[in-house]
$ cat run-v2.cif   # mmCIF, C-alpha atoms, pLDDT in the B column; chains and numbers go by the auth columns
data_entry
#
loop_
_atom_site.group_PDB
_atom_site.id
_atom_site.type_symbol
_atom_site.label_atom_id
_atom_site.label_comp_id
_atom_site.label_asym_id
_atom_site.label_seq_id
_atom_site.Cartn_x
_atom_site.Cartn_y
_atom_site.Cartn_z
_atom_site.B_iso_or_equiv
_atom_site.auth_seq_id
_atom_site.auth_asym_id
ATOM 1 C CA CYS A 1 5.136 23.872 -8.164 71.00 1 A
ATOM 2 C CA LEU A 2 4.520 27.257 -6.605 76.00 2 A
ATOM 3 C CA ARG A 3 0.744 26.869 -6.352 76.00 3 A
ATOM 4 C CA SER A 4 -0.925 26.789 -2.973 83.00 4 A
ATOM 5 C CA LYS A 5 -1.722 23.223 -1.997 82.00 5 A
ATOM 6 C CA PRO A 6 -3.814 21.707 0.765 84.00 6 A
ATOM 7 C CA PRO A 7 -1.953 19.829 3.490 85.00 7 A
ATOM 8 C CA ARG A 8 -0.570 16.418 2.443 86.00 8 A
ATOM 9 C CA ALA A 9 -0.561 17.346 -1.261 87.00 9 A
ATOM 10 C CA HIS A 10 2.761 17.212 -3.100 88.00 10 A
ATOM 11 C CA HIS A 11 3.864 18.122 -6.576 88.00 11 A
ATOM 12 C CA CYS A 12 5.155 15.228 -8.657 87.00 12 A
ATOM 13 C CA SER A 13 8.113 16.274 -10.762 87.00 13 A
ATOM 14 C CA VAL A 14 7.542 13.341 -13.166 89.00 14 A
ATOM 15 C CA CYS A 15 3.787 13.779 -13.760 85.00 15 A
ATOM 16 C CA LYS A 16 3.991 17.589 -13.456 85.00 16 A
ATOM 17 C CA GLN A 17 0.844 17.749 -11.311 86.00 17 A
ATOM 18 C CA CYS A 18 -0.137 18.078 -7.673 87.00 18 A
ATOM 19 C CA VAL A 19 -1.306 14.857 -6.064 88.00 19 A
ATOM 20 C CA MET A 20 -3.421 14.621 -2.915 88.00 20 A
ATOM 21 C CA LYS A 21 -1.788 12.430 -0.250 89.00 21 A
ATOM 22 C CA MET A 22 1.020 11.551 -2.636 89.00 22 A
ATOM 23 C CA ASP A 23 2.860 8.410 -1.581 90.00 23 A
ATOM 24 C CA HIS A 24 5.316 7.963 -4.453 90.00 24 A
ATOM 25 C CA HIS A 25 5.651 7.967 -8.209 90.00 25 A
ATOM 26 C CA CYS A 26 5.597 4.353 -9.314 87.00 26 A
ATOM 27 C CA PRO A 27 7.611 3.639 -12.482 86.00 27 A
ATOM 28 C CA TRP A 28 5.942 0.228 -12.896 79.00 28 A
ATOM 29 C CA ILE A 29 2.487 1.710 -13.371 81.00 29 A
ATOM 30 C CA ASN A 30 3.878 5.029 -14.723 85.00 30 A
ATOM 31 C CA ASN A 31 1.651 6.992 -12.387 89.00 31 A
ATOM 32 C CA CYS A 32 1.630 8.607 -8.986 92.00 32 A
ATOM 33 C CA VAL A 33 0.255 6.626 -6.077 91.00 33 A
ATOM 34 C CA GLY A 34 -1.854 8.975 -3.998 90.00 34 A
ATOM 35 C CA PHE A 35 -5.272 9.415 -2.447 87.00 35 A
ATOM 36 C CA ASN A 36 -7.284 8.166 -5.440 87.00 36 A
ATOM 37 C CA ASN A 37 -5.364 4.957 -6.084 89.00 37 A
ATOM 38 C CA TYR A 38 -3.464 4.073 -2.883 91.00 38 A
ATOM 39 C CA ARG A 39 -6.001 1.447 -1.831 91.00 39 A
ATOM 40 C CA TYR A 40 -5.770 -0.173 -5.269 90.00 40 A
ATOM 41 C CA PHE A 41 -1.972 -0.193 -4.965 92.00 41 A
ATOM 42 C CA CYS A 42 -2.204 -1.898 -1.549 93.00 42 A
ATOM 43 C CA LEU A 43 -4.762 -4.411 -2.812 93.00 43 A
ATOM 44 C CA PHE A 44 -2.604 -5.124 -5.875 93.00 44 A
ATOM 45 C CA MET A 45 0.309 -6.006 -3.580 94.00 45 A
ATOM 46 C CA LEU A 46 -1.969 -8.165 -1.415 95.00 46 A
ATOM 47 C CA TYR A 47 -3.448 -10.072 -4.367 95.00 47 A
ATOM 48 C CA LEU A 48 -0.040 -10.556 -5.956 95.00 48 A
ATOM 49 C CA ALA A 49 1.385 -11.871 -2.661 97.00 49 A
ATOM 50 C CA LEU A 50 -1.555 -14.264 -2.280 97.00 50 A
ATOM 51 C CA GLY A 51 -1.076 -15.501 -5.863 97.00 51 A
ATOM 52 C CA CYS A 52 2.634 -16.104 -5.267 98.00 52 A
ATOM 53 C CA LEU A 53 1.885 -17.876 -1.988 98.00 53 A
ATOM 54 C CA TYR A 54 -0.605 -20.083 -3.838 98.00 54 A
ATOM 55 C CA VAL A 55 2.094 -21.126 -6.332 97.00 55 A
ATOM 56 C CA VAL A 56 4.678 -21.637 -3.564 97.00 56 A
ATOM 57 C CA ILE A 57 2.403 -23.877 -1.486 97.00 57 A
ATOM 58 C CA LEU A 58 0.832 -25.916 -4.258 96.00 58 A
ATOM 59 C CA GLY A 59 4.026 -26.175 -6.288 95.00 59 A
ATOM 60 C CA TYR A 60 6.257 -27.222 -3.390 95.00 60 A
ATOM 61 C CA ARG A 61 5.972 -30.957 -4.055 92.00 61 A
ATOM 62 C CA LEU A 62 6.639 -30.462 -7.780 90.00 62 A
ATOM 63 C CA PHE A 63 9.593 -28.227 -6.922 92.00 63 A
ATOM 64 C CA LEU A 64 11.094 -30.937 -4.708 90.00 64 A
ATOM 65 C CA GLN A 65 10.672 -33.459 -7.536 88.00 65 A
ATOM 66 C CA SER A 66 12.285 -31.078 -10.031 86.00 66 A
ATOM 67 C CA VAL A 67 15.417 -30.527 -7.928 85.00 67 A
ATOM 68 C CA ALA A 68 15.742 -34.208 -7.003 80.00 68 A
ATOM 69 C CA PRO A 69 18.423 -36.281 -8.733 79.00 69 A
ATOM 70 C CA ILE A 70 17.395 -37.591 -12.165 74.00 70 A
ATOM 71 C CA ARG A 71 17.091 -41.225 -11.019 75.00 71 A
ATOM 72 C CA LYS A 72 14.569 -40.229 -8.299 77.00 72 A
ATOM 73 C CA ARG A 73 12.318 -38.208 -10.633 74.00 73 A
ATOM 74 C CA PRO A 74 9.159 -39.646 -12.189 73.00 74 A
ATOM 75 C CA PRO A 75 9.861 -41.179 -15.619 72.00 75 A
ATOM 76 C CA ASN A 76 7.761 -38.623 -17.543 76.00 76 A
ATOM 77 C CA PHE A 77 9.601 -35.662 -15.938 77.00 77 A
ATOM 78 C CA ARG A 78 11.802 -34.095 -18.635 84.00 78 A
ATOM 79 C CA PHE A 79 14.791 -31.846 -17.885 83.00 79 A
ATOM 80 C CA ALA A 80 13.118 -28.792 -19.485 86.00 80 A
ATOM 81 C CA ASP A 81 10.006 -29.340 -17.344 85.00 81 A
ATOM 82 C CA ALA A 82 12.119 -29.544 -14.207 85.00 82 A
ATOM 83 C CA GLN A 83 13.885 -26.299 -15.068 90.00 83 A
ATOM 84 C CA CYS A 84 10.609 -24.531 -15.776 92.00 84 A
ATOM 85 C CA ILE A 85 8.996 -25.692 -12.535 91.00 85 A
ATOM 86 C CA SER A 86 11.968 -24.901 -10.321 93.00 86 A
ATOM 87 C CA LEU A 87 12.459 -21.452 -11.874 95.00 87 A
ATOM 88 C CA SER A 88 8.742 -20.590 -11.557 96.00 88 A
ATOM 89 C CA TRP A 89 8.689 -21.727 -7.937 96.00 89 A
ATOM 90 C CA LEU A 90 11.836 -19.764 -7.028 97.00 90 A
ATOM 91 C CA ILE A 91 10.591 -16.595 -8.741 97.00 91 A
ATOM 92 C CA SER A 92 7.236 -16.889 -6.935 97.00 92 A
ATOM 93 C CA LEU A 93 9.004 -17.368 -3.606 98.00 93 A
ATOM 94 C CA CYS A 94 11.293 -14.354 -4.165 98.00 94 A
ATOM 95 C CA ILE A 95 8.420 -12.111 -5.251 97.00 95 A
ATOM 96 C CA PHE A 96 6.369 -13.264 -2.253 98.00 96 A
ATOM 97 C CA LEU A 97 9.200 -12.432 0.176 98.00 97 A
ATOM 98 C CA ALA A 98 9.773 -9.026 -1.448 97.00 98 A
ATOM 99 C CA LEU A 99 6.042 -8.277 -1.302 97.00 99 A
ATOM 100 C CA CYS A 100 5.961 -9.259 2.375 97.00 100 A
ATOM 101 C CA LEU A 101 8.585 -6.595 3.098 97.00 101 A
ATOM 102 C CA LEU A 102 7.024 -3.906 0.904 95.00 102 A
ATOM 103 C CA GLY A 103 3.465 -4.807 1.913 95.00 103 A
ATOM 104 C CA GLY A 104 4.432 -4.879 5.587 96.00 104 A
ATOM 105 C CA PHE A 105 5.876 -1.383 5.298 96.00 105 A
ATOM 106 C CA HIS A 106 2.735 -0.097 3.563 96.00 106 A
ATOM 107 C CA ALA A 107 0.511 -1.834 6.136 96.00 107 A
ATOM 108 C CA TYR A 108 2.431 0.115 8.795 96.00 108 A
ATOM 109 C CA LEU A 109 1.883 3.313 6.811 95.00 109 A
ATOM 110 C CA VAL A 110 -1.854 2.582 6.529 94.00 110 A
ATOM 111 C CA VAL A 111 -2.392 1.978 10.258 94.00 111 A
ATOM 112 C CA THR A 112 -0.349 5.085 11.156 94.00 112 A
ATOM 113 C CA ASN A 113 -1.991 7.256 8.444 93.00 113 A
ATOM 114 C CA GLN A 114 1.229 8.265 6.722 93.00 114 A
ATOM 115 C CA THR A 115 2.492 8.312 3.185 93.00 115 A
ATOM 116 C CA THR A 116 6.036 7.338 2.266 93.00 116 A
ATOM 117 C CA ILE A 117 6.934 11.022 1.884 92.00 117 A
ATOM 118 C CA GLU A 118 5.406 11.860 5.271 93.00 118 A
ATOM 119 C CA PHE A 119 7.168 8.877 6.845 94.00 119 A
ATOM 120 C CA HIS A 120 10.549 10.359 5.911 93.00 120 A
ATOM 121 C CA ILE A 121 9.490 13.847 7.050 92.00 121 A
ATOM 122 C CA ASN A 122 8.148 12.441 10.336 93.00 122 A
ATOM 123 C CA MET A 123 11.401 10.528 10.915 93.00 123 A
ATOM 124 C CA GLY A 124 13.288 13.840 10.767 94.00 124 A
ATOM 125 C CA ASN A 125 10.731 15.516 13.039 93.00 125 A
ATOM 126 C CA ARG A 126 10.934 12.584 15.462 93.00 126 A
ATOM 127 C CA HIS A 127 14.728 12.843 15.681 94.00 127 A
ATOM 128 C CA ALA A 128 14.574 16.632 16.140 94.00 128 A
ATOM 129 C CA ALA A 129 11.971 16.258 18.905 93.00 129 A
ATOM 130 C CA LYS A 130 14.061 13.548 20.595 93.00 130 A
ATOM 131 C CA ARG A 131 17.094 15.864 20.675 94.00 131 A
ATOM 132 C CA LYS A 132 14.934 18.476 22.431 93.00 132 A
ATOM 133 C CA GLY A 133 13.641 15.885 24.895 93.00 133 A
ATOM 134 C CA GLU A 134 10.132 15.949 23.451 92.00 134 A
ATOM 135 C CA VAL A 135 7.916 13.255 21.962 91.00 135 A
ATOM 136 C CA TYR A 136 6.744 13.712 18.373 92.00 136 A
ATOM 137 C CA ARG A 137 3.281 12.543 17.363 91.00 137 A
ATOM 138 C CA ASN A 138 2.010 12.262 13.804 90.00 138 A
ATOM 139 C CA PRO A 139 -0.708 14.959 13.503 89.00 139 A
ATOM 140 C CA TYR A 140 -2.736 12.846 11.053 90.00 140 A
ATOM 141 C CA ASP A 141 -2.920 9.721 13.230 91.00 141 A
ATOM 142 C CA LEU A 142 -6.579 9.034 14.093 90.00 142 A
ATOM 143 C CA GLY A 143 -6.150 5.562 15.607 91.00 143 A
ATOM 144 C CA HIS A 144 -5.685 2.262 13.779 91.00 144 A
ATOM 145 C CA SER A 145 -9.332 1.710 12.849 90.00 145 A
ATOM 146 C CA ARG A 146 -9.965 5.198 11.485 91.00 146 A
ATOM 147 C CA ASN A 147 -6.577 5.251 9.769 91.00 147 A
ATOM 148 C CA PHE A 148 -7.524 2.036 7.991 91.00 148 A
ATOM 149 C CA GLN A 149 -10.823 3.606 6.938 89.00 149 A
ATOM 150 C CA GLU A 150 -8.960 6.649 5.580 88.00 150 A
ATOM 151 C CA VAL A 151 -7.469 4.386 2.910 89.00 151 A
ATOM 152 C CA PHE A 152 -10.051 1.628 2.398 88.00 152 A
ATOM 153 C CA GLY A 153 -13.238 3.579 3.062 84.00 153 A
ATOM 154 C CA PRO A 154 -15.877 3.177 5.779 85.00 154 A
ATOM 155 C CA ASN A 155 -15.641 -0.615 5.686 79.00 155 A
ATOM 156 C CA ARG A 156 -14.912 -2.718 8.749 78.00 156 A
ATOM 157 C CA PHE A 157 -11.700 -4.720 8.646 77.00 157 A
ATOM 158 C CA LEU A 158 -13.232 -8.061 9.668 77.00 158 A
ATOM 159 C CA HIS A 159 -16.040 -7.857 7.106 79.00 159 A
ATOM 160 C CA PHE A 160 -13.410 -8.140 4.328 81.00 160 A
ATOM 161 C CA LEU A 161 -15.525 -5.970 2.045 79.00 161 A
ATOM 162 C CA TRP A 162 -12.501 -3.669 1.717 83.00 162 A
ATOM 163 C CA MET A 163 -10.792 -6.436 -0.278 81.00 163 A
ATOM 164 C CA MET A 164 -13.366 -6.033 -3.069 83.00 164 A
ATOM 165 C CA PRO A 165 -13.039 -2.440 -4.295 78.00 165 A
ATOM 166 C CA TYR A 166 -15.957 -2.749 -6.702 75.00 166 A
ATOM 167 C CA LEU A 167 -18.293 -3.447 -3.733 75.00 167 A
ATOM 168 C CA ALA A 168 -16.647 -1.406 -0.995 74.00 168 A
ATOM 169 C CA LYS A 169 -17.473 2.221 -0.319 74.00 169 A
ATOM 170 C CA ARG A 170 -14.913 4.807 -1.391 73.00 170 A
ATOM 171 C CA PRO A 171 -12.983 6.638 1.315 73.00 171 A
ATOM 172 C CA GLY A 172 -14.422 10.070 0.409 68.00 172 A
ATOM 173 C CA CYS A 173 -12.932 13.107 -1.269 63.00 173 A
ATOM 174 C CA GLY A 174 -9.818 13.457 0.901 59.00 174 A
ATOM 175 C CA ILE A 175 -10.349 17.038 1.980 55.00 175 A
ATOM 176 C CA VAL A 176 -12.534 16.126 4.949 50.00 176 A
ATOM 177 C CA SER A 177 -9.939 13.721 6.317 51.00 177 A
ATOM 178 C CA VAL A 178 -7.068 16.177 5.759 48.00 178 A
ATOM 179 C CA PHE A 179 -8.685 18.975 7.694 47.00 179 A
ATOM 180 C CA HIS A 180 -10.294 16.786 10.360 48.00 180 A
ATOM 181 C CA TRP A 181 -7.199 16.819 12.539 41.00 181 A
ATOM 182 C CA TRP A 182 -6.939 20.597 12.155 43.00 182 A
ATOM 183 C CA THR A 183 -10.516 21.572 12.959 42.00 183 A
ATOM 184 C CA ASN A 184 -11.581 18.568 15.108 39.00 184 A
ATOM 185 C CA CYS A 185 -14.964 18.699 13.445 34.00 185 A
ATOM 186 C CA ARG A 186 -16.592 17.346 10.282 37.00 186 A
ATOM 187 C CA MET A 187 -16.482 19.523 7.198 38.00 187 A
ATOM 188 C CA GLU A 188 -19.311 19.639 4.737 37.00 188 A
ATOM 189 C CA GLU A 189 -18.921 18.036 1.311 38.00 189 A
ATOM 190 C CA ILE A 190 -18.898 21.583 -0.155 38.00 190 A
ATOM 191 C CA GLY A 191 -15.217 21.860 0.772 43.00 191 A
ATOM 192 C CA CYS A 192 -14.419 18.879 -1.440 43.00 192 A
ATOM 193 C CA ARG A 193 -15.296 20.785 -4.597 42.00 193 A
ATOM 194 C CA ARG A 194 -12.748 23.567 -3.929 44.00 194 A
ATOM 195 C CA TRP A 195 -9.665 21.501 -4.644 43.00 195 A
ATOM 196 C CA HIS A 196 -9.310 19.753 -7.969 43.00 196 A
ATOM 197 C CA LEU A 197 -6.532 17.245 -7.351 43.00 197 A
ATOM 198 C CA THR A 198 -5.909 13.800 -8.756 43.00 198 A
#
$ encode --input "run-v2.cif" --output "structure tokens"
Amino acid sequence: CLRSKPPRAHHCSVCKQCVMKMDHHCPWINNCVGFNNYRYFCLFMLYLALGCLYVVILGYRLFLQSVAPIRKRPPNFRFADAQCISLSWLISLCIFLALCLLGGFHAYLVVTNQTTIEFHINMGNRHAAKRKGEVYRNPYDLGHSRNFQEVFGPNRFLHFLWMMPYLAKRPGCGIVSVFHWWTNCRMEEIGCRRWHLT
């Protein structure tokens, strides 16, 4: 895309559109994850991990019974039931562990105010600065609390309102937060109408 874009906007070659604060193109949802839906993506991973953890904890005793030798199983425990329970428990455990890794990485990105694309760019900048004997700092980093609010809106972390997107306040239009580091002042909402990005 040869159009002029605001900082942190990237062109998605799959969707053929510019996306504000683009993180990645997700093939599972067939959409770009960016400013408008990044908090929903993070909450989806959190809810899915909690659901898998629920199955792992509550199904642990049944799992142990299903993998026990046949003579130690309860009499009404059929072989097909044991297979179903053990497979469901193992899949839930594997998905939970994978979500812990992916969710942990995205939690790091949230508290450092980076996207996945910016993370890779910043890694290169960090290595280049280290070779010069300098220290590289992410220009968008506003501190953990404000970085969290950039994604989940002006909701305090310990109030847990951010976990309910239908009740929580939206993070804004995105333009104010992008230019805040550049101008060190608050922009008016008028600037939000200039850019029409998804």
$ residues_around --input "run-v2.cif" --residues "Leu90 of chain A" --least-positions-apart "6" --cutoff "12 Å" --atoms "only C-alpha atoms" --output "list in words"
Cys52, Leu53, Val55, Val56, Ile57, Gly59, Tyr60, Leu62, Phe63, Leu64, Ser66, Val67, Gln83, Cys84, Phe96 and Leu97 of chain A
$ residues_around --input "run-v2.cif" --residues "segment 111-115 of chain A" --least-positions-apart "6" --cutoff "6 Å" --atoms "all atoms listed in the file" --output "VMD selection string"
chain A and resid 23 141 144 147 to 148
$ closest_residue --input "run-v2.cif" --among "A:Ile117, A:Val110, A:Ile70, A:Leu43" --to "Leu161 of chain A" --atoms "only C-alpha atoms"
A:Leu43
$ closest_residue --input "run-v2.cif" --among "A:Val33, A:Cys1, A:Leu93, A:Met163" --to "Lys21 of chain A" --atoms "all atoms listed in the file"
A:Val33
$ atom_distance --input "run-v2.cif" --atom1 "atom CA of Glu150 of chain A" --atom2 "atom CA of Tyr40 of chain A"
13.2 Å
$ closest_residue --input "run-v2.cif" --among "A:Leu58, A:Met20, A:Ala128, A:Leu2" --to "Trp89 of chain A" --atoms "all atoms listed in the file"
A:Leu58
$ atom_distance --input "run-v2.cif" --atom1 "atom CA of His10 of chain A" --atom2 "atom CA of Gly34 of chain A"
9.5 Å
$ resolve_selection --input "run-v2.cif" --expression "the PyMOL selection byres ((chain A and resi 168) around 12)" --output "PDB file with C-alpha atoms, in the frame of the given file"
ATOM      1  CA  ARG A  39      -6.001   1.447  -1.831  1.00 91.00           C
ATOM      2  CA  TYR A  40      -5.770  -0.173  -5.269  1.00 90.00           C
ATOM      3  CA  GLN A 149     -10.823   3.606   6.938  1.00 89.00           C
ATOM      4  CA  VAL A 151      -7.469   4.386   2.910  1.00 89.00           C
ATOM      5  CA  PHE A 152     -10.051   1.628   2.398  1.00 88.00           C
ATOM      6  CA  GLY A 153     -13.238   3.579   3.062  1.00 84.00           C
ATOM      7  CA  PRO A 154     -15.877   3.177   5.779  1.00 85.00           C
ATOM      8  CA  ASN A 155     -15.641  -0.615   5.686  1.00 79.00           C
ATOM      9  CA  ARG A 156     -14.912  -2.718   8.749  1.00 78.00           C
ATOM     10  CA  PHE A 157     -11.700  -4.720   8.646  1.00 77.00           C
ATOM     11  CA  HIS A 159     -16.040  -7.857   7.106  1.00 79.00           C
ATOM     12  CA  PHE A 160     -13.410  -8.140   4.328  1.00 81.00           C
ATOM     13  CA  LEU A 161     -15.525  -5.970   2.045  1.00 79.00           C
ATOM     14  CA  TRP A 162     -12.501  -3.669   1.717  1.00 83.00           C
ATOM     15  CA  MET A 163     -10.792  -6.436  -0.278  1.00 81.00           C
ATOM     16  CA  MET A 164     -13.366  -6.033  -3.069  1.00 83.00           C
ATOM     17  CA  PRO A 165     -13.039  -2.440  -4.295  1.00 78.00           C
ATOM     18  CA  TYR A 166     -15.957  -2.749  -6.702  1.00 75.00           C
ATOM     19  CA  LEU A 167     -18.293  -3.447  -3.733  1.00 75.00           C
ATOM     20  CA  LYS A 169     -17.473   2.221  -0.319  1.00 74.00           C
ATOM     21  CA  ARG A 170     -14.913   4.807  -1.391  1.00 73.00           C
ATOM     22  CA  PRO A 171     -12.983   6.638   1.315  1.00 73.00           C
ATOM     23  CA  GLY A 172     -14.422  10.070   0.409  1.00 68.00           C
TER      24      GLY A 172
END
$ atom_distance --input "run-v2.cif" --atom1 "atom CA of Cys42 of chain A" --atom2 "atom CA of Leu109 of chain A"
10.7 Å
$ closest_residue --input "run-v2.cif" --among "A:Lys16, A:Phe77, A:Leu99, A:Ala82" --to "Tyr47 of chain A" --atoms "all atoms listed in the file"
A:Leu99
$ closest_residue --input "run-v2.cif" --among "A:Met45, A:Arg137, A:Ile121, A:Leu142" --to "Arg8 of chain A" --atoms "all atoms listed in the file"
A:Ile121
$ closest_residue --input "run-v2.cif" --among "A:Ser92, A:Met22, A:Ile29, A:Asn125" --to "Pro139 of chain A" --atoms "all atoms listed in the file"
A:Asn125
$ residues_around --input "run-v2.cif" --residues "Cys12 of chain A" --least-positions-apart "3" --cutoff "9 Å" --atoms "all atoms listed in the file" --output "PDB file with C-alpha atoms, in the frame of the given file"
ATOM      1  CA  CYS A   1       5.136  23.872  -8.164  1.00 71.00           C
ATOM      2  CA  CYS A  15       3.787  13.779 -13.760  1.00 85.00           C
ATOM      3  CA  LYS A  16       3.991  17.589 -13.456  1.00 85.00           C
ATOM      4  CA  GLN A  17       0.844  17.749 -11.311  1.00 86.00           C
ATOM      5  CA  CYS A  18      -0.137  18.078  -7.673  1.00 87.00           C
ATOM      6  CA  VAL A  19      -1.306  14.857  -6.064  1.00 88.00           C
ATOM      7  CA  MET A  22       1.020  11.551  -2.636  1.00 89.00           C
ATOM      8  CA  HIS A  24       5.316   7.963  -4.453  1.00 90.00           C
ATOM      9  CA  HIS A  25       5.651   7.967  -8.209  1.00 90.00           C
ATOM     10  CA  CYS A  32       1.630   8.607  -8.986  1.00 92.00           C
TER      11      CYS A  32
END
$ build_atoms --input "run-v2.cif" --residues "segment 87-106 of chain A" --atoms "N, CA and C atoms" --output "PDB file, in the frame of the given file"
ATOM      1  N   LEU A  87      12.315 -22.892 -11.675  1.00 95.00           N
ATOM      2  CA  LEU A  87      12.459 -21.452 -11.874  1.00 95.00           C
ATOM      3  C   LEU A  87      11.179 -20.713 -11.497  1.00 95.00           C
ATOM      4  N   SER A  88      10.023 -21.231 -11.902  1.00 96.00           N
ATOM      5  CA  SER A  88       8.742 -20.590 -11.557  1.00 96.00           C
ATOM      6  C   SER A  88       8.537 -20.562 -10.047  1.00 96.00           C
ATOM      7  N   TRP A  89       8.874 -21.655  -9.389  1.00 96.00           N
ATOM      8  CA  TRP A  89       8.689 -21.727  -7.937  1.00 96.00           C
ATOM      9  C   TRP A  89       9.618 -20.749  -7.228  1.00 96.00           C
ATOM     10  N   LEU A  90      10.880 -20.678  -7.661  1.00 97.00           N
ATOM     11  CA  LEU A  90      11.836 -19.764  -7.028  1.00 97.00           C
ATOM     12  C   LEU A  90      11.471 -18.299  -7.262  1.00 97.00           C
ATOM     13  N   ILE A  91      11.015 -17.975  -8.465  1.00 97.00           N
ATOM     14  CA  ILE A  91      10.591 -16.595  -8.741  1.00 97.00           C
ATOM     15  C   ILE A  91       9.382 -16.235  -7.888  1.00 97.00           C
ATOM     16  N   SER A  92       8.419 -17.151  -7.768  1.00 97.00           N
ATOM     17  CA  SER A  92       7.236 -16.889  -6.935  1.00 97.00           C
ATOM     18  C   SER A  92       7.622 -16.695  -5.482  1.00 97.00           C
ATOM     19  N   LEU A  93       8.554 -17.508  -4.992  1.00 98.00           N
ATOM     20  CA  LEU A  93       9.004 -17.368  -3.606  1.00 98.00           C
ATOM     21  C   LEU A  93       9.698 -16.023  -3.383  1.00 98.00           C
ATOM     22  N   CYS A  94      10.577 -15.628  -4.300  1.00 98.00           N
ATOM     23  CA  CYS A  94      11.293 -14.354  -4.165  1.00 98.00           C
ATOM     24  C   CYS A  94      10.336 -13.162  -4.225  1.00 98.00           C
ATOM     25  N   ILE A  95       9.391 -13.208  -5.146  1.00 97.00           N
ATOM     26  CA  ILE A  95       8.420 -12.111  -5.251  1.00 97.00           C
ATOM     27  C   ILE A  95       7.551 -12.063  -3.998  1.00 97.00           C
ATOM     28  N   PHE A  96       7.162 -13.223  -3.482  1.00 98.00           N
ATOM     29  CA  PHE A  96       6.369 -13.264  -2.253  1.00 98.00           C
ATOM     30  C   PHE A  96       7.132 -12.648  -1.092  1.00 98.00           C
ATOM     31  N   LEU A  97       8.403 -12.987  -0.928  1.00 98.00           N
ATOM     32  CA  LEU A  97       9.200 -12.432   0.176  1.00 98.00           C
ATOM     33  C   LEU A  97       9.387 -10.924   0.023  1.00 98.00           C
ATOM     34  N   ALA A  98       9.631 -10.469  -1.212  1.00 97.00           N
ATOM     35  CA  ALA A  98       9.773  -9.026  -1.448  1.00 97.00           C
ATOM     36  C   ALA A  98       8.465  -8.293  -1.162  1.00 97.00           C
ATOM     37  N   LEU A  99       7.344  -8.904  -1.554  1.00 97.00           N
ATOM     38  CA  LEU A  99       6.042  -8.277  -1.302  1.00 97.00           C
ATOM     39  C   LEU A  99       5.700  -8.276   0.185  1.00 97.00           C
ATOM     40  N   CYS A 100       6.175  -9.264   0.920  1.00 97.00           N
ATOM     41  CA  CYS A 100       5.961  -9.259   2.375  1.00 97.00           C
ATOM     42  C   CYS A 100       6.651  -8.058   3.004  1.00 97.00           C
ATOM     43  N   LEU A 101       7.865  -7.756   2.567  1.00 97.00           N
ATOM     44  CA  LEU A 101       8.585  -6.595   3.098  1.00 97.00           C
ATOM     45  C   LEU A 101       7.907  -5.284   2.682  1.00 97.00           C
ATOM     46  N   LEU A 102       7.644  -5.137   1.392  1.00 95.00           N
ATOM     47  CA  LEU A 102       7.024  -3.906   0.904  1.00 95.00           C
ATOM     48  C   LEU A 102       5.595  -3.759   1.428  1.00 95.00           C
ATOM     49  N   GLY A 103       4.839  -4.853   1.408  1.00 95.00           N
ATOM     50  CA  GLY A 103       3.465  -4.807   1.913  1.00 95.00           C
ATOM     51  C   GLY A 103       3.413  -4.572   3.415  1.00 95.00           C
ATOM     52  N   GLY A 104       4.370  -5.125   4.145  1.00 96.00           N
ATOM     53  CA  GLY A 104       4.432  -4.879   5.587  1.00 96.00           C
ATOM     54  C   GLY A 104       4.699  -3.420   5.889  1.00 96.00           C
ATOM     55  N   PHE A 105       5.596  -2.804   5.119  1.00 96.00           N
ATOM     56  CA  PHE A 105       5.876  -1.383   5.298  1.00 96.00           C
ATOM     57  C   PHE A 105       4.636  -0.547   4.996  1.00 96.00           C
ATOM     58  N   HIS A 106       3.933  -0.873   3.909  1.00 96.00           N
ATOM     59  CA  HIS A 106       2.735  -0.097   3.563  1.00 96.00           C
ATOM     60  C   HIS A 106       1.584  -0.374   4.524  1.00 96.00           C
TER      61      HIS A 106
END
